$ cat data_39.txt   # compact mmCIF, C-alpha atoms
# COMPACT_ATOMS: atom_id res chain seq x y z
CA MET V 1 -119.79 -97.28 -79.27
CA SER V 2 -121.06 -94.30 -81.20
CA LEU V 3 -118.93 -91.53 -82.62
CA TYR V 4 -120.25 -89.08 -80.04
CA ASP V 5 -119.26 -91.30 -77.10
CA TYR V 6 -115.85 -92.07 -78.58
CA PHE V 7 -115.03 -88.39 -78.97
CA ASN V 8 -116.40 -87.59 -75.55
CA TRP V 9 -114.51 -90.28 -73.67
CA ILE V 10 -111.23 -90.69 -75.55
CA ILE V 11 -110.30 -87.83 -77.90
CA ILE V 12 -111.37 -84.86 -75.75
CA PRO V 13 -109.52 -86.18 -72.63
CA ILE V 14 -106.32 -86.70 -74.65
CA LEU V 15 -106.55 -83.16 -75.99
CA GLY V 16 -107.33 -81.83 -72.52
CA LEU V 17 -104.27 -83.60 -71.12
CA SER V 18 -102.08 -82.02 -73.79
CA VAL V 19 -103.57 -78.59 -73.00
CA ILE V 20 -102.56 -79.12 -69.35
CA LEU V 21 -99.03 -80.19 -70.32
CA VAL V 22 -98.56 -77.18 -72.60
CA PHE V 23 -99.93 -74.92 -69.88
CA ILE V 24 -97.32 -76.24 -67.43
CA ARG V 25 -94.64 -75.23 -69.92
CA PHE V 26 -96.35 -71.83 -70.24
CA LEU V 27 -96.15 -71.31 -66.49
CA LYS V 28 -92.62 -72.73 -66.10
CA GLY V 29 -90.95 -71.39 -69.25
CA PRO V 30 -87.68 -69.77 -68.20
CA SER V 31 -87.63 -67.27 -71.08
CA LEU V 32 -90.18 -65.30 -73.11
CA PRO V 33 -89.78 -67.34 -76.35
CA ASP V 34 -90.71 -70.47 -74.36
CA ARG V 35 -93.96 -68.86 -73.34
CA VAL V 36 -94.69 -67.67 -76.86
CA ILE V 37 -94.22 -71.12 -78.35
CA ALA V 38 -96.45 -72.61 -75.63
CA LEU V 39 -99.14 -70.04 -76.43
CA ASP V 40 -98.88 -70.85 -80.14
CA MET V 41 -99.27 -74.54 -79.39
CA LEU V 42 -102.28 -73.80 -77.15
CA ILE V 43 -104.08 -72.03 -80.01
CA LEU V 44 -103.29 -74.89 -82.40
CA ILE V 45 -104.73 -77.43 -79.95
CA SER V 46 -107.85 -75.31 -79.63
CA VAL V 47 -108.23 -75.47 -83.43
CA CYS V 48 -108.39 -79.27 -83.06
CA ILE V 49 -110.90 -79.02 -80.22
CA ILE V 50 -113.11 -76.77 -82.34
CA ALA V 51 -112.98 -79.32 -85.19
CA ILE V 52 -114.04 -82.09 -82.80
CA TYR V 53 -116.79 -79.88 -81.35
CA SER V 54 -118.15 -79.11 -84.80
CA ILE V 55 -118.41 -82.87 -85.46
CA GLN V 56 -120.17 -83.45 -82.13
CA THR V 57 -122.74 -80.70 -82.61
CA ASN V 58 -123.06 -81.42 -86.35
CA GLN V 59 -122.56 -77.75 -87.25
CA SER V 60 -119.96 -76.97 -89.90
CA THR V 61 -120.11 -73.22 -89.14
CA PHE V 62 -117.65 -73.72 -86.28
CA LEU V 63 -114.92 -74.47 -88.83
CA ASP V 64 -114.88 -70.76 -89.70
CA VAL V 65 -113.83 -70.12 -86.11
CA ALA V 66 -111.07 -72.72 -86.52
CA MET V 67 -109.81 -70.91 -89.62
CA LEU V 68 -109.75 -67.59 -87.76
CA PHE V 69 -107.85 -69.19 -84.89
CA ALA V 70 -105.23 -70.57 -87.26
CA LEU V 71 -104.83 -67.06 -88.70
CA ILE V 72 -104.53 -65.50 -85.25
CA ALA V 73 -101.91 -68.08 -84.17
CA PHE V 74 -99.61 -67.07 -87.01
CA LEU V 75 -100.25 -63.36 -86.49
CA SER V 76 -99.55 -63.44 -82.76
CA THR V 77 -96.40 -65.54 -83.19
CA SER V 78 -94.93 -63.23 -85.80
CA ALA V 79 -95.89 -60.13 -83.83
CA TYR V 80 -94.21 -61.49 -80.70
CA ALA V 81 -91.10 -62.47 -82.63
CA PHE V 82 -90.91 -58.98 -84.13
CA TYR V 83 -91.37 -57.41 -80.70
CA LEU V 84 -88.63 -59.56 -79.15
CA GLU V 85 -86.20 -58.67 -81.90
CA GLN V 86 -86.89 -54.94 -81.83
CA ARG V 87 -86.73 -54.81 -78.03
CA GLN V 88 -83.17 -56.09 -78.24
CA ARG V 89 -82.19 -53.39 -80.74
CA LYS V 90 -83.12 -50.43 -78.50
CA MET A 1 -93.51 -73.04 -123.71
CA THR A 2 -94.64 -74.98 -120.67
CA LYS A 3 -97.22 -72.31 -119.90
CA SER A 4 -98.91 -72.43 -123.31
CA LEU A 5 -99.02 -76.22 -123.17
CA PHE A 6 -100.61 -76.08 -119.73
CA LEU A 7 -103.19 -73.59 -121.01
CA SER A 8 -104.10 -75.71 -124.01
CA ASN A 9 -104.34 -78.70 -121.68
CA LEU A 10 -106.75 -76.76 -119.47
CA ILE A 11 -108.86 -75.58 -122.42
CA LEU A 12 -109.11 -79.14 -123.75
CA ALA A 13 -110.22 -80.33 -120.32
CA ILE A 14 -112.93 -77.62 -120.19
CA ILE A 15 -114.08 -78.61 -123.68
CA TRP A 16 -114.30 -82.22 -122.47
CA VAL A 17 -116.47 -81.12 -119.54
CA MET A 18 -118.73 -79.11 -121.84
CA ALA A 19 -119.02 -81.97 -124.30
CA THR A 20 -119.96 -84.55 -121.69
CA GLY A 21 -122.23 -82.11 -119.86
CA THR A 22 -121.46 -83.12 -116.27
CA LEU A 23 -119.58 -80.59 -114.13
CA THR A 24 -117.93 -82.58 -111.37
CA GLU A 25 -114.33 -82.69 -110.13
CA GLU A 26 -113.88 -86.29 -111.23
CA ASN A 27 -115.02 -85.55 -114.74
CA PHE A 28 -112.73 -82.50 -114.95
CA LEU A 29 -109.73 -84.53 -113.76
CA PHE A 30 -110.56 -87.27 -116.22
CA GLY A 31 -110.75 -84.72 -119.05
CA PHE A 32 -107.45 -83.23 -117.93
CA PHE A 33 -105.84 -86.65 -117.99
CA ILE A 34 -107.21 -87.47 -121.46
CA SER A 35 -106.08 -84.16 -122.97
CA PHE A 36 -102.68 -84.64 -121.30
CA THR A 37 -102.22 -87.97 -123.06
CA ILE A 38 -103.44 -86.57 -126.39
CA LEU A 39 -101.01 -83.65 -126.19
CA TRP A 40 -98.25 -86.07 -125.24
CA VAL A 41 -98.89 -88.10 -128.36
CA ILE A 42 -99.00 -85.14 -130.76
CA THR A 43 -96.03 -83.04 -129.54
CA PHE A 44 -92.62 -83.68 -131.07
CA LYS A 45 -90.45 -80.61 -130.34
CA LYS A 46 -87.75 -81.29 -127.79
CA GLU A 47 -88.28 -78.19 -125.64
CA GLU A 48 -92.00 -78.85 -125.54
CA ARG A 49 -91.52 -82.42 -124.37
CA LYS A 50 -90.26 -81.05 -121.06
CA TYR A 51 -93.83 -80.34 -119.91
CA PHE A 52 -94.68 -84.02 -119.95
CA THR A 53 -91.82 -85.01 -117.71
CA VAL A 54 -92.39 -82.12 -115.30
CA ILE A 55 -95.92 -83.03 -114.21
CA PRO A 56 -95.21 -86.68 -113.21
CA LYS A 57 -92.01 -85.53 -111.50
CA LEU A 58 -93.94 -82.85 -109.60
CA LEU A 59 -96.51 -85.39 -108.42
CA ALA A 60 -93.75 -87.80 -107.36
CA TYR A 61 -91.96 -85.00 -105.45
CA ILE A 62 -95.15 -83.98 -103.62
CA ALA A 63 -95.79 -87.62 -102.65
CA PHE A 64 -92.19 -87.89 -101.43
CA ILE A 65 -92.57 -84.75 -99.31
CA PHE A 66 -95.77 -86.06 -97.76
CA TRP A 67 -94.06 -89.36 -96.97
CA GLU A 68 -91.21 -87.43 -95.32
CA ILE A 69 -93.70 -85.41 -93.22
CA ILE A 70 -95.39 -88.59 -92.00
CA LYS A 71 -91.98 -90.09 -91.18
CA ALA A 72 -91.04 -86.89 -89.32
CA ASN A 73 -94.15 -87.14 -87.19
CA PHE A 74 -93.54 -90.74 -86.21
CA GLN A 75 -89.93 -89.93 -85.42
CA SER A 76 -90.86 -87.02 -83.17
CA LEU A 77 -93.49 -89.20 -81.51
CA LYS A 78 -90.67 -91.60 -80.63
CA GLU A 79 -88.30 -88.80 -79.66
CA SER A 80 -90.71 -87.30 -77.14
CA PHE A 81 -89.97 -90.23 -74.85
CA TYR A 82 -86.19 -90.35 -75.35
CA PRO A 83 -83.90 -89.50 -72.45
CA LYS A 84 -81.97 -86.24 -72.78
CA SER A 85 -78.62 -87.97 -73.13
CA LYS A 86 -79.59 -89.31 -76.56
CA LEU A 87 -80.02 -85.84 -78.06
CA GLU A 88 -77.24 -84.37 -80.19
CA PRO A 89 -78.46 -80.95 -81.33
CA ALA A 90 -76.36 -78.68 -83.53
CA ILE A 91 -76.67 -75.60 -85.74
CA VAL A 92 -75.11 -76.32 -89.12
CA LYS A 93 -74.29 -74.00 -92.03
CA VAL A 94 -75.57 -75.44 -95.31
CA PRO A 95 -74.45 -73.76 -98.58
CA LEU A 96 -77.24 -73.17 -101.10
CA ASP A 97 -77.42 -73.82 -104.84
CA ALA A 98 -80.87 -72.23 -105.09
CA LYS A 99 -80.67 -68.59 -106.18
CA THR A 100 -84.11 -66.95 -106.39
CA ASP A 101 -86.37 -66.08 -103.48
CA VAL A 102 -89.11 -68.54 -104.48
CA GLU A 103 -86.71 -71.48 -104.60
CA ILE A 104 -85.16 -70.61 -101.25
CA SER A 105 -88.52 -70.17 -99.51
CA ILE A 106 -89.93 -73.44 -100.85
CA LEU A 107 -86.74 -75.28 -99.91
CA SER A 108 -86.68 -73.87 -96.38
CA ASN A 109 -90.35 -74.72 -95.86
CA ILE A 110 -89.65 -78.30 -96.92
CA ILE A 111 -86.59 -78.54 -94.67
CA SER A 112 -88.60 -77.25 -91.70
CA LEU A 113 -91.29 -79.89 -92.20
CA THR A 114 -88.96 -82.89 -92.54
CA PRO A 115 -87.47 -85.03 -89.74
CA GLY A 116 -85.44 -83.35 -87.03
CA THR A 117 -84.50 -80.15 -88.84
CA LEU A 118 -85.53 -76.52 -88.40
CA ILE A 119 -84.51 -73.48 -90.43
CA MET A 120 -82.91 -70.84 -88.21
CA ASP A 121 -82.16 -68.16 -90.80
CA VAL A 122 -81.09 -67.42 -94.36
CA SER A 123 -78.05 -65.21 -94.73
CA ASP A 124 -78.57 -61.78 -96.27
CA ASP A 125 -76.55 -62.53 -99.40
CA LYS A 126 -78.63 -65.72 -99.95
CA LYS A 127 -75.59 -67.98 -100.08
CA VAL A 128 -76.01 -70.13 -96.98
CA VAL A 129 -78.81 -71.26 -94.72
CA TYR A 130 -78.45 -72.15 -91.05
CA VAL A 131 -80.24 -75.33 -90.00
CA HIS A 132 -80.92 -76.59 -86.49
CA VAL A 133 -80.59 -80.39 -86.37
CA MET A 134 -81.79 -82.69 -83.62
CA HIS A 135 -79.47 -85.63 -84.27
CA LEU A 136 -76.19 -84.74 -85.89
CA LEU A 137 -73.99 -87.73 -86.57
CA ASP A 138 -71.68 -86.44 -89.28
CA LYS A 139 -71.66 -82.86 -90.57
CA GLU A 140 -70.45 -83.47 -94.12
CA ASN A 141 -72.81 -86.37 -94.53
CA PHE A 142 -75.78 -84.33 -93.33
CA ILE A 143 -75.09 -81.47 -95.76
CA LYS A 144 -74.71 -83.91 -98.64
CA GLU A 145 -77.95 -85.65 -97.71
CA ILE A 146 -79.97 -82.42 -97.69
CA LYS A 147 -78.55 -81.37 -101.03
CA LEU A 148 -79.19 -84.73 -102.66
CA LYS A 149 -82.60 -85.45 -101.17
CA PHE A 150 -84.41 -82.13 -101.27
CA GLU A 151 -82.51 -79.49 -103.20
CA LYS A 152 -81.53 -81.32 -106.38
CA PRO A 153 -85.01 -82.59 -107.36
CA LEU A 154 -86.53 -79.20 -106.47
CA LEU A 155 -84.08 -77.33 -108.69
CA GLU A 156 -84.69 -79.80 -111.51
CA LEU A 157 -88.38 -79.02 -111.25
CA MET A 158 -88.09 -75.25 -111.00
CA ARG A 159 -85.63 -74.68 -113.83
CA MET T 1 -117.44 -97.97 -91.85
CA LYS T 2 -117.08 -94.22 -92.23
CA ASP T 3 -117.34 -93.83 -88.46
CA ILE T 4 -114.45 -96.24 -87.89
CA LEU T 5 -112.27 -94.35 -90.38
CA ILE T 6 -113.10 -91.05 -88.65
CA MET T 7 -112.26 -92.60 -85.27
CA ILE T 8 -108.87 -93.90 -86.49
CA LEU T 9 -107.90 -90.55 -88.05
CA ALA T 10 -108.95 -88.55 -84.99
CA SER T 11 -107.10 -90.90 -82.61
CA PHE T 12 -103.88 -90.61 -84.61
CA GLY T 13 -104.21 -86.84 -84.65
CA ALA T 14 -104.78 -86.74 -80.89
CA ILE T 15 -101.75 -88.99 -80.28
CA PHE T 16 -99.51 -86.77 -82.41
CA ILE T 17 -100.66 -83.67 -80.55
CA LEU T 18 -100.16 -85.35 -77.17
CA SER T 19 -96.64 -86.45 -78.16
CA SER T 20 -95.73 -82.95 -79.30
CA SER T 21 -96.95 -81.44 -76.04
CA ILE T 22 -94.93 -84.02 -74.08
CA GLY T 23 -91.93 -83.07 -76.22
CA LEU T 24 -92.59 -79.40 -75.50
CA LEU T 25 -92.46 -80.16 -71.80
CA ARG T 26 -89.40 -82.40 -71.84
CA LYS T 27 -86.90 -80.87 -74.28
CA PRO T 28 -84.05 -78.95 -72.64
CA ASP T 29 -83.86 -75.71 -74.66
CA VAL T 30 -85.97 -73.34 -76.78
CA TYR T 31 -84.66 -74.38 -80.20
CA LEU T 32 -85.42 -78.05 -79.60
CA ARG T 33 -88.89 -77.16 -78.33
CA ILE T 34 -89.68 -75.08 -81.41
CA SER T 35 -88.48 -77.86 -83.67
CA VAL T 36 -90.65 -80.43 -81.86
CA THR T 37 -93.86 -78.38 -81.94
CA ALA T 38 -93.41 -77.33 -85.54
CA LYS T 39 -93.36 -80.94 -86.62
CA ALA T 40 -95.74 -83.04 -84.61
CA SER T 41 -98.57 -80.54 -84.61
CA THR T 42 -98.80 -80.20 -88.41
CA LEU T 43 -99.89 -83.76 -89.03
CA GLY T 44 -102.01 -83.76 -85.87
CA ILE T 45 -104.07 -80.79 -87.00
CA GLY T 46 -104.19 -82.14 -90.55
CA LEU T 47 -105.62 -85.48 -89.43
CA MET T 48 -108.18 -83.89 -87.08
CA LEU T 49 -109.48 -81.56 -89.77
CA THR T 50 -109.49 -84.38 -92.33
CA SER T 51 -111.75 -86.39 -90.02
CA ALA T 52 -114.11 -83.40 -89.84
CA ALA T 53 -114.12 -83.18 -93.64
CA LEU T 54 -114.94 -86.90 -93.87
CA TYR T 55 -117.78 -86.49 -91.39
CA PHE T 56 -119.51 -83.58 -93.15
CA ASN T 57 -118.80 -84.91 -96.67
CA ASP T 58 -119.78 -81.61 -98.22
CA TYR T 59 -118.10 -79.68 -101.03
CA SER T 60 -117.95 -76.26 -99.34
CA VAL T 61 -116.73 -77.71 -96.02
CA THR T 62 -114.00 -79.72 -97.75
CA THR T 63 -112.62 -76.70 -99.59
CA ARG T 64 -112.59 -74.69 -96.38
CA ILE T 65 -110.73 -77.48 -94.56
CA VAL T 66 -108.17 -77.82 -97.35
CA ALA T 67 -107.59 -74.07 -97.05
CA ILE T 68 -107.03 -74.35 -93.28
CA ILE T 69 -104.62 -77.30 -93.65
CA LEU T 70 -102.59 -75.56 -96.37
CA PHE T 71 -102.45 -72.41 -94.29
CA VAL T 72 -101.27 -74.27 -91.18
CA PHE T 73 -98.62 -76.17 -93.16
CA LEU T 74 -97.28 -72.95 -94.63
CA THR T 75 -97.33 -70.86 -91.49
CA ILE T 76 -96.07 -73.24 -88.80
CA SER T 77 -92.60 -73.51 -90.30
CA ILE T 78 -92.43 -69.75 -90.92
CA GLY T 79 -93.52 -69.03 -87.35
CA GLY T 80 -90.90 -71.43 -86.03
CA HIS T 81 -88.20 -69.73 -88.06
CA LEU T 82 -89.24 -66.28 -86.82
CA LEU T 83 -89.33 -67.40 -83.18
CA ALA T 84 -85.98 -69.21 -83.37
CA ARG T 85 -84.39 -66.12 -84.89
CA ALA T 86 -85.87 -63.85 -82.21
CA ALA T 87 -84.75 -66.26 -79.48
CA TYR T 88 -81.23 -66.22 -80.89
CA PHE T 89 -81.14 -62.42 -80.89
CA THR T 90 -82.26 -62.21 -77.28
CA LYS T 91 -79.43 -64.63 -76.37
CA THR T 92 -81.69 -67.28 -74.92
CA PRO T 93 -79.35 -69.91 -73.42
CA ILE T 94 -78.62 -72.92 -75.61
CA TRP T 95 -78.40 -76.42 -74.13
CA LYS T 96 -74.95 -77.55 -73.00
CA GLY T 97 -75.10 -80.72 -75.13
CA THR T 98 -75.13 -78.77 -78.41
CA LYS T 99 -72.33 -80.15 -80.57
CA VAL T 100 -71.77 -77.48 -83.22
CA ASP T 101 -72.98 -73.88 -83.34
CA ASP T 102 -72.15 -72.32 -86.69
CA LEU T 103 -74.45 -69.37 -86.08
CA ALA T 104 -72.45 -68.01 -83.12
CA GLY T 105 -71.27 -64.47 -83.84
CA GLN T 106 -72.63 -64.40 -87.38
CA TYR T 107 -75.26 -61.71 -86.74
CA ASP T 108 -74.25 -58.07 -86.76
CA GLU T 109 -75.13 -56.32 -83.49
CA VAL T 110 -76.35 -53.06 -85.00
CA THR T 111 -77.78 -53.83 -88.42
CA HIS T 112 -78.92 -57.40 -87.58
CA GLU T 113 -77.45 -58.53 -90.88
CA LEU T 114 -76.54 -62.20 -91.21
CA TYR T 115 -73.16 -62.96 -92.74
CA SER T 116 -72.28 -66.09 -94.66
CA GLU T 117 -68.53 -65.81 -94.10
CA LYS T 118 -66.77 -65.80 -90.76
CA HIS T 119 -67.80 -62.84 -88.65
CA ASN T 120 -67.12 -62.03 -85.03
CA SER T 121 -69.86 -60.31 -83.09
CA SER T 122 -71.13 -60.54 -79.54
CA ILE T 123 -74.45 -62.19 -80.46
CA LYS T 124 -73.91 -65.72 -79.22
CA PRO T 125 -76.01 -67.45 -76.56
CA GLU T 126 -74.07 -68.93 -73.66
CA LYS T 127 -74.32 -72.63 -72.90
CA ASP T 128 -76.89 -73.45 -70.27
CA THR T 129 -75.32 -75.82 -67.76
CA SER T 130 -78.15 -75.84 -65.23
CA ILE T 131 -80.36 -78.32 -67.08
$ encode --input "data_39.txt" --output "structure tokens"
Amino acid sequence: MSLYDYFNWIIIPILGLSVILVFIRFLKGPSLPDRVIALDMLILISVCIIAIYSIQTNQSTFLDVAMLFALIAFLSTSAYAFYLEQRQRK
Amino acid sequence: MTKSLFLSNLILAIIWVMATGTLTEENFLFGFFISFTILWVITFKKEERKYFTVIPKLLAYIAFIFWEIIKANFQSLKESFYPKSKLEPAIVKVPLDAKTDVEISILSNIISLTPGTLIMDVSDDKKVVYVHVMHLLDKENFIKEIKLKFEKPLLELMR
Amino acid sequence: MKDILIMILASFGAIFILSSSIGLLRKPDVYLRISVTAKASTLGIGLMLTSAALYFNDYSVTTRIVAIILFVFLTISIGGHLLARAAYFTKTPIWKGTKVDDLAGQYDEVTHELYSEKHNSSIKPEKDTSI
């Protein structure tokens, strides 16, 4: 079994399953913080998928995208947290 | 004192790299190690000797933290399949010995990454920190464990 | 040989991420969910990116990956802290099985200052009995 096949048939389905599970929480989430944490997790999983994709296509340039995604995950989480807190203050 | 020793250590390592003529990471690390041992042999002042105990301690602490992170991951892998009745969450107030901002932020980062705990907030007068725990068995015991395991070695390193 | 090592690392990373997403789905309240995701995803992402670094085996790629891993390790715990704090301010219900809540009433309503001594304010989430 080559590396390409292994990633295609085992790793990517596991990651896809976890994306689906997190997305269920995103749809269900009773409160706004639930949705924000699910969104954060979604971006972090996509960082992993980009890493796997860069191995499959043999192009290391995609890792720059992964770095940007990690940055955006932190930025969006902190922005949402700030918004939630300030909304309460009125 | 520690700073000047670290600088001379670095300069000696660079000299080693220049003398051997091969610029690779391995060679630099090897030169750093050699100059570290040489400085260790030739220093006698008591306050200067501190530098040589700090670096091994720092490495041991980092290894310990990584081990704790790996343990935390395996524990949360197990906990994902637990039934709800086994959970005993709590928010506990833990008094701090760390005073400066750097110490508190490093400590809270470490606490967040280790098994079953999450920092909720640090109080504004920097005296206590509120920690969310997943399995609280005994409150006093938990506070003592955090202080002994993470805070004491960190403060020994920073001061 | 290198391929097998990459496979093992990537599988462990995928399993950690799957377990954290299962935890995200199953835990009863927000604080537990944040604590689960903050932990299991750090090592998952770290292992995945390490397998990419092993595959490319290049100096510039490795430094970039070390930067990403360090960044993720630093920011995930900070993001969790910010979200937990915001969730507490908005009085998101806490699970009914919570044993101790020392944070209840410690925040000031107006200035959002956190006290270390006993303080009585209205900022305390009610226990959620529906779950």
$ closest_atom_pairs --input "data_39.txt" --of "chain T" --to "chain A" --cutoff "9 Å" --atoms "all atoms listed in the file" --output "JSON lines"
{"residue": "T:Ile15", "atom": "CA", "partner": "A:Leu77", "partner_atom": "CA", "distance": 8.4}
{"residue": "T:Phe16", "atom": "CA", "partner": "A:Leu77", "partner_atom": "CA", "distance": 6.6}
{"residue": "T:Leu18", "atom": "CA", "partner": "A:Leu77", "partner_atom": "CA", "distance": 8.8}
{"residue": "T:Ser19", "atom": "CA", "partner": "A:Leu77", "partner_atom": "CA", "distance": 5.4}
{"residue": "T:Ser20", "atom": "CA", "partner": "A:Ser80", "partner_atom": "CA", "distance": 7.0}
{"residue": "T:Ser21", "atom": "CA", "partner": "A:Ser80", "partner_atom": "CA", "distance": 8.6}
{"residue": "T:Ile22", "atom": "CA", "partner": "A:Ser80", "partner_atom": "CA", "distance": 6.2}
{"residue": "T:Gly23", "atom": "CA", "partner": "A:Ser80", "partner_atom": "CA", "distance": 4.5}
{"residue": "T:Leu24", "atom": "CA", "partner": "A:Ser80", "partner_atom": "CA", "distance": 8.3}
{"residue": "T:Arg26", "atom": "CA", "partner": "A:Ser80", "partner_atom": "CA", "distance": 7.3}
{"residue": "T:Lys27", "atom": "CA", "partner": "A:Lys84", "partner_atom": "CA", "distance": 7.4}
{"residue": "T:Pro28", "atom": "CA", "partner": "A:Lys84", "partner_atom": "CA", "distance": 7.6}
{"residue": "T:Tyr31", "atom": "CA", "partner": "A:His132", "partner_atom": "CA", "distance": 7.6}
{"residue": "T:Leu32", "atom": "CA", "partner": "A:Met134", "partner_atom": "CA", "distance": 7.1}
{"residue": "T:Ile34", "atom": "CA", "partner": "A:Leu118", "partner_atom": "CA", "distance": 8.3}
{"residue": "T:Ser35", "atom": "CA", "partner": "A:Leu118", "partner_atom": "CA", "distance": 5.7}
{"residue": "T:Val36", "atom": "CA", "partner": "A:Ser76", "partner_atom": "CA", "distance": 6.7}
{"residue": "T:Ala38", "atom": "CA", "partner": "A:Leu113", "partner_atom": "CA", "distance": 7.4}
{"residue": "T:Lys39", "atom": "CA", "partner": "A:Leu113", "partner_atom": "CA", "distance": 6.0}
{"residue": "T:Ala40", "atom": "CA", "partner": "A:Asn73", "partner_atom": "CA", "distance": 5.1}
{"residue": "T:Ser41", "atom": "CA", "partner": "A:Asn73", "partner_atom": "CA", "distance": 8.4}
{"residue": "T:Thr42", "atom": "CA", "partner": "A:Leu113", "partner_atom": "CA", "distance": 8.4}
{"residue": "T:Leu43", "atom": "CA", "partner": "A:Asn73", "partner_atom": "CA", "distance": 6.9}
{"residue": "T:Gly44", "atom": "CA", "partner": "A:Asn73", "partner_atom": "CA", "distance": 8.7}
{"residue": "T:Phe73", "atom": "CA", "partner": "A:Leu113", "partner_atom": "CA", "distance": 8.3}
{"residue": "T:Leu74", "atom": "CA", "partner": "A:Asn109", "partner_atom": "CA", "distance": 7.3}
{"residue": "T:Ile76", "atom": "CA", "partner": "A:Leu113", "partner_atom": "CA", "distance": 8.9}
{"residue": "T:Ser77", "atom": "CA", "partner": "A:Ser112", "partner_atom": "CA", "distance": 5.7}
{"residue": "T:Ile78", "atom": "CA", "partner": "A:Asn109", "partner_atom": "CA", "distance": 7.3}
{"residue": "T:Gly80", "atom": "CA", "partner": "A:Leu118", "partner_atom": "CA", "distance": 7.8}
{"residue": "T:His81", "atom": "CA", "partner": "A:Met120", "partner_atom": "CA", "distance": 5.4}
{"residue": "T:Leu82", "atom": "CA", "partner": "A:Met120", "partner_atom": "CA", "distance": 7.9}
{"residue": "T:Leu83", "atom": "CA", "partner": "A:Met120", "partner_atom": "CA", "distance": 8.9}
{"residue": "T:Ala84", "atom": "CA", "partner": "A:Met120", "partner_atom": "CA", "distance": 6.0}
{"residue": "T:Arg85", "atom": "CA", "partner": "A:Met120", "partner_atom": "CA", "distance": 6.0}
{"residue": "T:Tyr88", "atom": "CA", "partner": "A:Met120", "partner_atom": "CA", "distance": 8.8}
{"residue": "T:Trp95", "atom": "CA", "partner": "A:Pro89", "partner_atom": "CA", "distance": 8.5}
{"residue": "T:Gly97", "atom": "CA", "partner": "A:Glu88", "partner_atom": "CA", "distance": 6.6}
{"residue": "T:Thr98", "atom": "CA", "partner": "A:Pro89", "partner_atom": "CA", "distance": 4.9}
{"residue": "T:Lys99", "atom": "CA", "partner": "A:Ala90", "partner_atom": "CA", "distance": 5.2}
{"residue": "T:Val100", "atom": "CA", "partner": "A:Ala90", "partner_atom": "CA", "distance": 4.8}
{"residue": "T:Asp101", "atom": "CA", "partner": "A:Ile91", "partner_atom": "CA", "distance": 4.7}
{"residue": "T:Asp102", "atom": "CA", "partner": "A:Val92", "partner_atom": "CA", "distance": 5.5}
{"residue": "T:Leu103", "atom": "CA", "partner": "A:Ile91", "partner_atom": "CA", "distance": 6.6}
{"residue": "T:Glu113", "atom": "CA", "partner": "A:Asp124", "partner_atom": "CA", "distance": 6.4}
{"residue": "T:Leu114", "atom": "CA", "partner": "A:Ser123", "partner_atom": "CA", "distance": 4.9}
{"residue": "T:Tyr115", "atom": "CA", "partner": "A:Ser123", "partner_atom": "CA", "distance": 5.7}
{"residue": "T:Ser116", "atom": "CA", "partner": "A:Ser123", "partner_atom": "CA", "distance": 5.8}
$ closest_residue --input "data_39.txt" --among "V:Leu17, V:Ile45, V:Ile11, V:Leu63" --to "Thr50 (chain T)" --atoms "all atoms listed in the file"
V:Leu63
$ residues_around --input "data_39.txt" --residues "region 38-54 of chain A" --least-positions-apart "2" --cutoff "10 Å" --atoms "all atoms listed in the file" --output "PyMOL selection string"
chain A and resi 1-6+8-9+12+32-36+56-60+156-158
$ residues_around --input "data_39.txt" --residues "Gly31 (chain A)" --least-positions-apart "4" --cutoff "12 Å" --atoms "only C-alpha atoms" --output "VMD selection string"
chain A and resid 9 to 27 35 to 38
$ closest_residue --input "data_39.txt" --among "T:Leu49, T:Asp128, T:Asn120, T:Tyr107" --to "chain V" --atoms "all atoms listed in the file"
T:Leu49
$ atom_distance --input "data_39.txt" --atom1 "CA of Met1 (chain V)" --atom2 "CA of Met48 (chain T)"
19.4 Å
